[in-house]
$ cat final.txt   # compact mmCIF, C-alpha atoms
# COMPACT_ATOMS: atom_id res chain seq x y z
CA MET A 1 -8.39 -27.66 1.61
CA ILE A 2 -8.50 -26.27 3.22
CA PHE A 3 -11.91 -6.09 22.14
CA ARG A 4 -13.32 -2.79 23.47
CA PHE A 5 -12.74 0.47 21.58
CA ASN A 6 -11.88 3.52 23.68
CA ARG A 7 -11.24 7.25 23.40
CA LYS A 8 -7.56 6.91 24.34
CA PHE A 9 -6.96 4.69 21.32
CA LYS A 10 -8.73 7.12 18.97
CA ILE A 11 -6.56 10.02 20.16
CA TRP A 12 -3.37 7.95 19.85
CA ASN A 13 -4.34 6.82 16.38
CA LEU A 14 -5.07 10.38 15.23
CA THR A 15 -1.67 11.51 16.54
CA PHE A 16 0.00 8.67 14.67
CA PHE A 17 -1.58 9.68 11.38
CA LEU A 18 -0.67 13.34 11.85
CA LEU A 19 2.94 12.26 12.32
CA LEU A 20 2.64 9.92 9.38
CA GLY A 21 1.44 12.69 7.11
CA ALA A 22 4.25 14.98 8.21
CA SER A 23 6.99 12.46 7.52
CA PRO A 24 8.70 12.77 4.09
CA CYS A 25 9.34 9.01 3.86
CA PHE A 26 5.56 8.37 3.84
CA SER A 27 4.62 11.13 1.42
CA GLN A 28 5.18 8.90 -1.62
CA VAL A 29 3.48 5.80 -0.21
CA LYS A 30 0.54 4.78 -2.36
CA THR A 31 -2.83 3.71 -1.00
CA LEU A 32 -4.29 0.52 -2.43
CA LYS A 33 -7.88 -0.70 -2.37
CA PRO A 34 -8.85 -4.34 -2.76
CA GLU A 35 -10.75 -6.40 -5.26
CA ILE A 36 -13.29 -8.40 -3.27
CA LEU A 37 -13.56 -12.13 -3.99
CA PRO A 38 -16.69 -13.39 -2.23
CA ILE A 39 -16.38 -16.57 -0.18
CA PRO A 40 -19.43 -18.82 -0.45
CA ASP A 41 -21.62 -18.98 2.64
CA LEU A 42 -20.15 -22.28 3.83
CA ASP A 43 -19.78 -23.86 7.26
CA LEU A 44 -16.01 -23.32 7.35
CA GLU A 45 -15.51 -24.90 10.76
CA ARG A 46 -17.31 -28.07 9.72
CA LEU A 47 -15.42 -28.12 6.44
CA GLU A 48 -12.09 -27.93 8.25
CA LYS A 49 -13.03 -30.84 10.51
CA ILE A 50 -14.29 -33.27 7.90
CA VAL A 51 -11.18 -33.08 5.70
CA TYR A 52 -9.37 -34.98 8.47
CA LEU A 53 -11.92 -37.80 8.42
CA ARG A 54 -11.92 -40.82 6.14
CA GLU A 55 -14.39 -40.36 3.30
CA SER A 56 -16.26 -43.42 4.54
CA GLU A 57 -17.09 -41.42 7.68
CA TRP A 58 -18.59 -38.49 5.79
CA SER A 59 -22.32 -37.97 5.93
CA GLU A 60 -24.24 -37.07 2.80
CA LYS A 61 -24.32 -33.49 4.09
CA ASP A 62 -20.54 -33.55 4.51
CA LYS A 63 -20.11 -34.76 0.93
CA GLU A 64 -22.34 -31.99 -0.38
CA LEU A 65 -20.37 -29.41 1.61
CA CYS A 66 -17.02 -30.64 0.23
CA GLU A 67 -18.28 -30.74 -3.33
CA ARG A 68 -19.64 -27.21 -3.07
CA ALA A 69 -16.43 -25.92 -1.50
CA GLU A 70 -14.35 -27.50 -4.25
CA GLU A 71 -16.50 -25.89 -6.93
CA GLU A 72 -16.93 -22.44 -5.41
CA MET A 73 -13.91 -21.80 -3.23
CA ALA A 74 -10.84 -23.89 -3.92
CA HIS A 75 -10.09 -22.29 -7.30
CA PHE A 76 -8.99 -19.06 -5.62
CA TYR A 77 -8.18 -20.17 -2.08
CA SER A 78 -5.74 -23.04 -2.37
CA PRO A 79 -1.97 -23.45 -2.61
CA ALA A 80 -2.54 -25.96 -5.43
CA CYS A 81 -2.07 -24.93 -9.07
CA SER A 82 -1.07 -21.37 -8.25
CA TRP A 83 1.95 -19.18 -7.49
CA TYR A 84 2.70 -21.74 -4.78
CA CYS A 85 3.63 -24.33 -7.39
CA GLY A 86 7.05 -22.63 -7.36
CA GLY A 87 6.80 -19.98 -4.68
CA ARG A 88 7.66 -20.47 -1.05
CA ILE A 89 8.05 -18.51 2.16
CA ASP A 90 10.96 -19.21 4.52
CA THR A 91 9.51 -17.67 7.68
CA VAL A 92 6.48 -15.84 9.04
CA LYS A 93 7.38 -13.62 11.99
CA ALA A 94 4.87 -11.93 14.30
CA SER A 95 5.74 -9.01 16.55
CA SER A 96 3.45 -10.53 19.20
CA PHE A 97 0.71 -13.11 19.60
CA LEU A 98 -2.05 -13.63 22.13
CA SER A 99 -1.04 -17.24 22.95
CA GLU A 100 0.54 -20.26 21.30
CA ARG A 101 -2.86 -20.94 19.74
CA TYR A 102 -2.70 -17.66 17.76
CA ILE A 103 0.88 -17.54 16.46
CA GLY A 104 1.98 -15.68 13.34
CA GLN A 105 2.35 -18.87 11.28
CA ASN A 106 -1.44 -19.24 11.46
CA ALA A 107 -1.67 -16.38 8.98
CA HIS A 108 -0.14 -18.56 6.27
CA ASP A 109 -1.46 -22.07 6.87
CA PHE A 110 -4.39 -22.08 4.41
CA SER A 111 -6.81 -22.77 7.23
CA THR A 112 -10.00 -20.81 7.81
CA VAL A 113 -10.26 -21.83 11.47
CA ASN A 114 -6.82 -20.64 12.61
CA ALA A 115 -5.77 -17.00 12.87
CA TRP A 116 -2.97 -14.74 14.02
CA VAL A 117 -4.13 -12.64 16.96
CA GLU A 118 -1.76 -9.92 18.18
CA GLY A 119 -0.84 -10.04 21.84
CA VAL A 120 -0.36 -6.51 23.19
CA PRO A 121 -2.79 -4.47 25.31
CA GLY A 122 -5.27 -2.51 23.23
CA SER A 123 -6.03 -2.94 19.55
CA GLY A 124 -2.58 -3.87 18.30
CA ILE A 125 -1.67 -0.67 16.47
CA GLY A 126 1.95 -1.04 15.34
CA GLU A 127 1.98 -4.85 15.58
CA TYR A 128 3.01 -6.69 12.44
CA LEU A 129 3.51 -9.84 10.44
CA GLU A 130 6.70 -10.18 8.40
CA TYR A 131 7.19 -12.71 5.58
CA THR A 132 10.68 -13.67 4.40
CA PHE A 133 11.19 -15.04 0.88
CA PRO A 134 14.29 -16.71 -0.59
CA ALA A 135 16.01 -14.78 -3.39
CA SER A 136 15.06 -17.39 -5.99
CA CYS A 137 11.39 -17.22 -5.07
CA PRO A 138 9.00 -16.38 -7.94
CA ARG A 139 7.98 -12.75 -7.94
CA ILE A 140 4.78 -11.50 -6.32
CA THR A 141 2.11 -9.36 -7.96
CA HIS A 142 -0.82 -9.71 -5.54
CA VAL A 143 -1.45 -9.95 -1.81
CA LEU A 144 -4.63 -11.70 -0.65
CA ILE A 145 -6.04 -11.21 2.84
CA LEU A 146 -8.72 -12.87 4.95
CA ASN A 147 -9.34 -10.08 7.45
CA GLY A 148 -10.30 -10.84 11.04
CA TYR A 149 -10.97 -14.22 12.61
CA ILE A 150 -13.28 -15.52 9.90
CA LYS A 151 -14.05 -19.08 11.08
CA ASN A 152 -17.62 -18.04 11.91
CA LYS A 153 -19.60 -14.82 11.92
CA THR A 154 -19.80 -14.51 15.72
CA VAL A 155 -16.05 -14.87 16.29
CA TRP A 156 -15.38 -12.50 13.40
CA ARG A 157 -17.62 -9.78 14.88
CA ASN A 158 -16.35 -10.26 18.45
CA ASN A 159 -12.70 -9.60 17.55
CA ALA A 160 -11.24 -6.49 15.94
CA ARG A 161 -10.38 -6.51 12.22
CA VAL A 162 -7.79 -4.49 10.33
CA LYS A 163 -8.87 -1.27 8.61
CA GLN A 164 -5.43 -0.23 7.32
CA LEU A 165 -2.12 -2.07 6.98
CA LEU A 166 1.19 -0.37 6.25
CA MET A 167 3.08 -2.66 3.89
CA TYR A 168 6.89 -2.58 3.90
CA TYR A 169 9.03 -4.07 1.13
CA ASN A 170 12.59 -4.83 2.29
CA GLY A 171 12.22 -2.57 5.29
CA GLU A 172 10.93 0.46 3.37
CA PRO A 173 7.31 1.73 3.46
CA TYR A 174 5.72 0.60 0.20
CA ALA A 175 1.92 0.95 0.35
CA ILE A 176 -1.06 1.42 2.64
CA LEU A 177 -3.62 -1.34 2.19
CA GLU A 178 -7.18 -0.18 2.89
CA LEU A 179 -9.22 -3.18 3.93
CA ASP A 180 -12.98 -3.52 3.84
CA ASP A 181 -14.79 -4.88 6.88
CA THR A 182 -15.71 -8.21 5.32
CA ARG A 183 -14.99 -11.93 5.72
CA ASP A 184 -14.44 -12.25 1.97
CA ILE A 185 -11.01 -12.47 0.33
CA GLN A 186 -9.44 -9.07 -0.38
CA LYS A 187 -6.99 -9.06 -3.28
CA PHE A 188 -4.49 -6.21 -3.68
CA ASP A 189 -2.47 -5.51 -6.82
CA VAL A 190 0.94 -4.56 -5.39
CA GLY A 191 2.97 -4.32 -8.59
CA LEU A 192 6.00 -6.57 -9.09
CA LEU A 193 8.01 -7.57 -6.01
CA GLY A 194 11.03 -9.85 -5.76
CA PHE A 195 14.35 -10.39 -7.52
CA ARG A 196 13.89 -13.48 -9.64
CA ARG A 197 14.68 -13.33 -13.33
CA PRO A 198 13.12 -16.24 -15.22
CA GLU A 199 16.31 -16.90 -17.19
CA VAL A 200 18.40 -17.26 -14.01
CA ILE A 201 17.95 -20.46 -12.03
CA ASP A 202 20.68 -20.10 -9.39
CA GLN A 203 20.32 -16.84 -7.51
CA SER A 204 22.07 -17.92 -4.33
CA GLY A 205 24.09 -14.71 -4.33
CA GLU A 206 20.99 -12.54 -4.02
CA PRO A 207 19.68 -11.63 -0.55
CA ASP A 208 16.42 -12.84 0.91
CA TRP A 209 13.61 -10.30 0.71
CA THR A 210 10.81 -9.38 3.09
CA ILE A 211 7.30 -8.02 3.17
CA ARG A 212 5.96 -6.66 6.46
CA PHE A 213 2.32 -5.82 7.24
CA GLU A 214 1.89 -3.39 10.15
CA ILE A 215 -1.47 -2.56 11.70
CA LEU A 216 -2.34 1.13 11.33
CA GLU A 217 -6.05 1.23 12.12
CA VAL A 218 -8.75 -1.26 13.08
CA TYR A 219 -12.46 -1.95 13.02
CA PRO A 220 -13.36 -2.53 16.70
CA GLY A 221 -14.68 -5.89 17.83
CA ASP A 222 -18.01 -6.23 19.63
CA LYS A 223 -16.45 -8.06 22.58
CA TYR A 224 -12.63 -8.03 22.44
CA GLU A 225 -9.94 -5.48 21.64
CA ASP A 226 -7.65 -8.10 20.10
CA THR A 227 -7.10 -7.76 16.35
CA ALA A 228 -6.98 -10.87 14.18
CA ILE A 229 -5.94 -11.83 10.65
CA THR A 230 -6.84 -15.28 9.38
CA GLU A 231 -4.62 -15.37 6.27
CA ILE A 232 -2.21 -13.31 4.20
CA TYR A 233 -1.08 -15.19 1.12
CA PHE A 234 0.22 -14.38 -2.35
CA ASP A 235 -0.07 -14.66 -6.12
CA GLY A 236 2.48 -13.81 -8.77
CA ILE A 237 4.50 -14.84 -11.82
CA ASP A 238 7.51 -17.01 -12.83
CA VAL A 239 5.61 -20.30 -12.38
CA HIS A 240 4.13 -22.66 -14.99
$ encode --input "final.txt" --output "structure tokens"
Amino acid sequence: MIFRFNRKFKIWNLTFFLLLGASPCFSQVKTLKPEILPIPDLDLERLEKIVYLRESEWSEKDKELCERAEEEMAHFYSPACSWYCGGRIDTVKASSFLSERYIGQNAHDFSTVNAWVEGVPGSGIGEYLEYTFPASCPRITHVLILNGYIKNKTVWRNNARVKQLLMYYNGEPYAILELDDTRDIQKFDVGLLGFRRPEVIDQSGEPDWTIRFEILEVYPGDKYEDTAITEIYFDGIDVH
């Protein structure tokens, strides 16, 4: 089971996009929009806490919360019975993080109360998360994102959220992901990524492969400039 927005930033961001549009290597990059998978209106912080308790310590309200979460949420937000039955990630690298509490690995721990928070002055434009996959890893077809620090509505509003991510596949610009300003899951169809061929078991001679997500633009937070991402995880083929 599972911040201040200023004129200087706006000018810098506009300059970046003008350069982006003028660069031939970005001219063929596609823009992707998400399918929104609504998360039930659950007390996510409480849910995270009670899973570490013995069931005998659960209140009736706790039991109801867990049962509802299992019915309404776990079927699309869980590493169980999914691409993760065969898929794995070797490393999650962050270009920066605000403190040890907000490291890059938080963005792939299937927890709704942890998040990656970038650690540079301003809104984190240009900061990134990079995922490394072994060559034999099942191929990926979808990227799923919990945008911002979603553990509760106040924290989510106070911190900045991502508006656009530049996605790199093996070091090359691949797509721009346009994120909605929502706490719900955002699912992007990214095509077919990876090297695995189902008929080949041993692919030790193939190189590892990477996907990087770089912040291009943000939705400003009400209180802090820091930009957060709770989760980036994956779905795909070559399992089951």
$ closest_atom_pairs --input "final.txt" --of "segment 171-198 of chain A" --to "segment 149-166 of chain A" --cutoff "7 Å" --atoms "only C-alpha atoms" --output "CSV"
residue,atom,partner,partner_atom,distance
A:Ala175,CA,A:Leu166,CA,6.1
A:Ile176,CA,A:Leu166,CA,4.6
A:Leu177,CA,A:Leu165,CA,5.1
A:Glu178,CA,A:Gln164,CA,4.8
A:Leu179,CA,A:Lys163,CA,5.1
A:Asp180,CA,A:Lys163,CA,6.7
A:Arg183,CA,A:Ile150,CA,5.8
$ residues_around --input "final.txt" --residues "Tyr233 of chain A" --least-positions-apart "4" --cutoff "8 Å" --atoms "all atoms listed in the file" --output "list in words"
Ala107, His108, Val143, Leu144 and Ile145 of chain A
$ closest_residue --input "final.txt" --among "A:Lys187, A:Arg68, A:Lys61, A:Lys49" --to "Ile232 of chain A" --atoms "only C-alpha atoms"
A:Lys187
$ closest_residue --input "final.txt" --among "A:Glu35, A:Asp208, A:Glu71, A:Glu127" --to "Thr91 of chain A" --atoms "all atoms listed in the file"
A:Asp208
$ atom_distance --input "final.txt" --atom1 "atom CA of Asn147 of chain A" --atom2 "atom CA of Trp209 of chain A"
23.9 Å
$ closest_residue --input "final.txt" --among "A:Leu193, A:Val113, A:Val51, A:Val120" --to "Ala135 of chain A" --atoms "all atoms listed in the file"
A:Leu193
$ closest_residue --input "final.txt" --among "A:Pro121, A:Gly87, A:Gly126, A:Pro207" --to "Gly236 of chain A" --atoms "all atoms listed in the file"
A:Gly87
$ atom_distance --input "final.txt" --atom1 "atom CA of Glu118 of chain A" --atom2 "atom CA of Leu146 of chain A"
15.2 Å
$ closest_residue --input "final.txt" --among "A:Tyr224, A:Phe213, A:Phe234, A:Tyr52" --to "Leu98 of chain A" --atoms "all atoms listed in the file"
A:Tyr224
$ atom_distance --input "final.txt" --atom1 "atom CA of Ser99 of chain A" --atom2 "atom CA of Arg212 of chain A"
20.8 Å
$ residues_around --input "final.txt" --residues "Ala115 of chain A" --least-positions-apart "3" --cutoff "8 Å" --atoms "all atoms listed in the file" --output "JSON, numbers by chain"
{"A": [102, 103, 104, 106, 107, 112, 148, 149, 228, 229, 230, 231]}
$ residues_around --input "final.txt" --residues "segment 138-141 of chain A" --least-positions-apart "4" --cutoff "10 Å" --atoms "only C-alpha atoms" --output "list in words"
Trp83, Tyr84, Cys85, Gly86, Gly87, Arg88, Phe133, Pro134, Phe188, Asp189, Val190, Gly191, Leu192, Leu193, Gly194, Phe195, Arg196, Arg197, Pro198, Phe234, Asp235, Gly236, Ile237, Asp238 and Val239 of chain A
$ closest_residue --input "final.txt" --among "A:Asp226, A:His142, A:Leu37, A:Leu129" --to "Ser82 of chain A" --atoms "only C-alpha atoms"
A:His142
$ residues_around --input "final.txt" --residues "Tyr174 of chain A" --least-positions-apart "5" --cutoff "10 Å" --atoms "all atoms listed in the file" --output "PDB file with C-alpha atoms, keeping the file's coordinate frame"
ATOM      1  CA  CYS A  25       9.340   9.010   3.860  1.00  0.00           C
ATOM      2  CA  PHE A  26       5.560   8.370   3.840  1.00  0.00           C
ATOM      3  CA  GLN A  28       5.180   8.900  -1.620  1.00  0.00           C
ATOM      4  CA  VAL A  29       3.480   5.800  -0.210  1.00  0.00           C
ATOM      5  CA  LYS A  30       0.540   4.780  -2.360  1.00  0.00           C
ATOM      6  CA  THR A  31      -2.830   3.710  -1.000  1.00  0.00           C
ATOM      7  CA  LEU A 166       1.190  -0.370   6.250  1.00  0.00           C
ATOM      8  CA  MET A 167       3.080  -2.660   3.890  1.00  0.00           C
ATOM      9  CA  TYR A 168       6.890  -2.580   3.900  1.00  0.00           C
ATOM     10  CA  TYR A 169       9.030  -4.070   1.130  1.00  0.00           C
ATOM     11  CA  VAL A 190       0.940  -4.560  -5.390  1.00  0.00           C
ATOM     12  CA  ILE A 211       7.300  -8.020   3.170  1.00  0.00           C
ATOM     13  CA  ARG A 212       5.960  -6.660   6.460  1.00  0.00           C
TER      14      ARG A 212
END
$ build_atoms --input "final.txt" --residues "segment 33-55 of chain A" --atoms "N, CA and C atoms" --output "CSV table (one decimal), keeping the file's coordinate frame"
chain,number,residue,atom,x,y,z
A,33,LYS,N,-6.6,-0.2,-2.7
A,33,LYS,CA,-7.9,-0.7,-2.4
A,33,LYS,C,-8.0,-2.1,-3.0
A,34,PRO,N,-8.8,-2.9,-2.3
A,34,PRO,CA,-8.8,-4.3,-2.8
A,34,PRO,C,-9.9,-4.6,-3.8
A,35,GLU,N,-9.7,-5.7,-4.5
A,35,GLU,CA,-10.8,-6.4,-5.3
A,35,GLU,C,-11.3,-7.4,-4.3
A,36,ILE,N,-12.7,-7.5,-4.2
A,36,ILE,CA,-13.3,-8.4,-3.3
A,36,ILE,C,-13.7,-9.7,-4.0
A,37,LEU,N,-13.2,-10.8,-3.5
A,37,LEU,CA,-13.6,-12.1,-4.0
A,37,LEU,C,-14.5,-12.8,-3.0
A,38,PRO,N,-15.8,-12.9,-3.2
A,38,PRO,CA,-16.7,-13.4,-2.2
A,38,PRO,C,-16.4,-14.9,-1.9
A,39,ILE,N,-16.4,-15.2,-0.6
A,39,ILE,CA,-16.4,-16.6,-0.2
A,39,ILE,C,-17.8,-17.1,-0.1
A,40,PRO,N,-18.1,-18.3,-0.6
A,40,PRO,CA,-19.4,-18.8,-0.4
A,40,PRO,C,-19.8,-18.9,1.0
A,41,ASP,N,-21.1,-18.9,1.3
A,41,ASP,CA,-21.6,-19.0,2.6
A,41,ASP,C,-21.6,-20.4,3.1
A,42,LEU,N,-20.4,-20.9,3.4
A,42,LEU,CA,-20.2,-22.3,3.8
A,42,LEU,C,-19.9,-22.4,5.3
A,43,ASP,N,-20.1,-23.6,5.9
A,43,ASP,CA,-19.8,-23.9,7.3
A,43,ASP,C,-18.3,-24.2,7.3
A,44,LEU,N,-17.5,-23.2,7.5
A,44,LEU,CA,-16.0,-23.3,7.4
A,44,LEU,C,-15.4,-24.2,8.5
A,45,GLU,N,-16.0,-24.1,9.7
A,45,GLU,CA,-15.5,-24.9,10.8
A,45,GLU,C,-15.8,-26.4,10.5
A,46,ARG,N,-17.0,-26.7,10.0
A,46,ARG,CA,-17.3,-28.1,9.7
A,46,ARG,C,-16.4,-28.6,8.6
A,47,LEU,N,-16.2,-27.7,7.6
A,47,LEU,CA,-15.4,-28.1,6.4
A,47,LEU,C,-14.0,-28.5,6.9
A,48,GLU,N,-13.4,-27.7,7.8
A,48,GLU,CA,-12.1,-27.9,8.2
A,48,GLU,C,-12.0,-29.3,9.0
A,49,LYS,N,-13.0,-29.6,9.7
A,49,LYS,CA,-13.0,-30.8,10.5
A,49,LYS,C,-13.2,-32.1,9.6
A,50,ILE,N,-14.0,-32.0,8.6
A,50,ILE,CA,-14.3,-33.3,7.9
A,50,ILE,C,-13.2,-33.7,7.0
A,51,VAL,N,-12.3,-32.7,6.6
A,51,VAL,CA,-11.2,-33.1,5.7
A,51,VAL,C,-10.2,-34.0,6.4
A,52,TYR,N,-10.3,-34.1,7.7
A,52,TYR,CA,-9.4,-35.0,8.5
A,52,TYR,C,-10.0,-36.4,8.7
A,53,LEU,N,-11.2,-36.5,8.3
A,53,LEU,CA,-11.9,-37.8,8.4
A,53,LEU,C,-11.7,-38.6,7.2
A,54,ARG,N,-11.9,-39.9,7.3
A,54,ARG,CA,-11.9,-40.8,6.1
A,54,ARG,C,-13.2,-40.6,5.4
A,55,GLU,N,-13.2,-40.6,4.1
A,55,GLU,CA,-14.4,-40.4,3.3
A,55,GLU,C,-15.5,-41.3,3.7
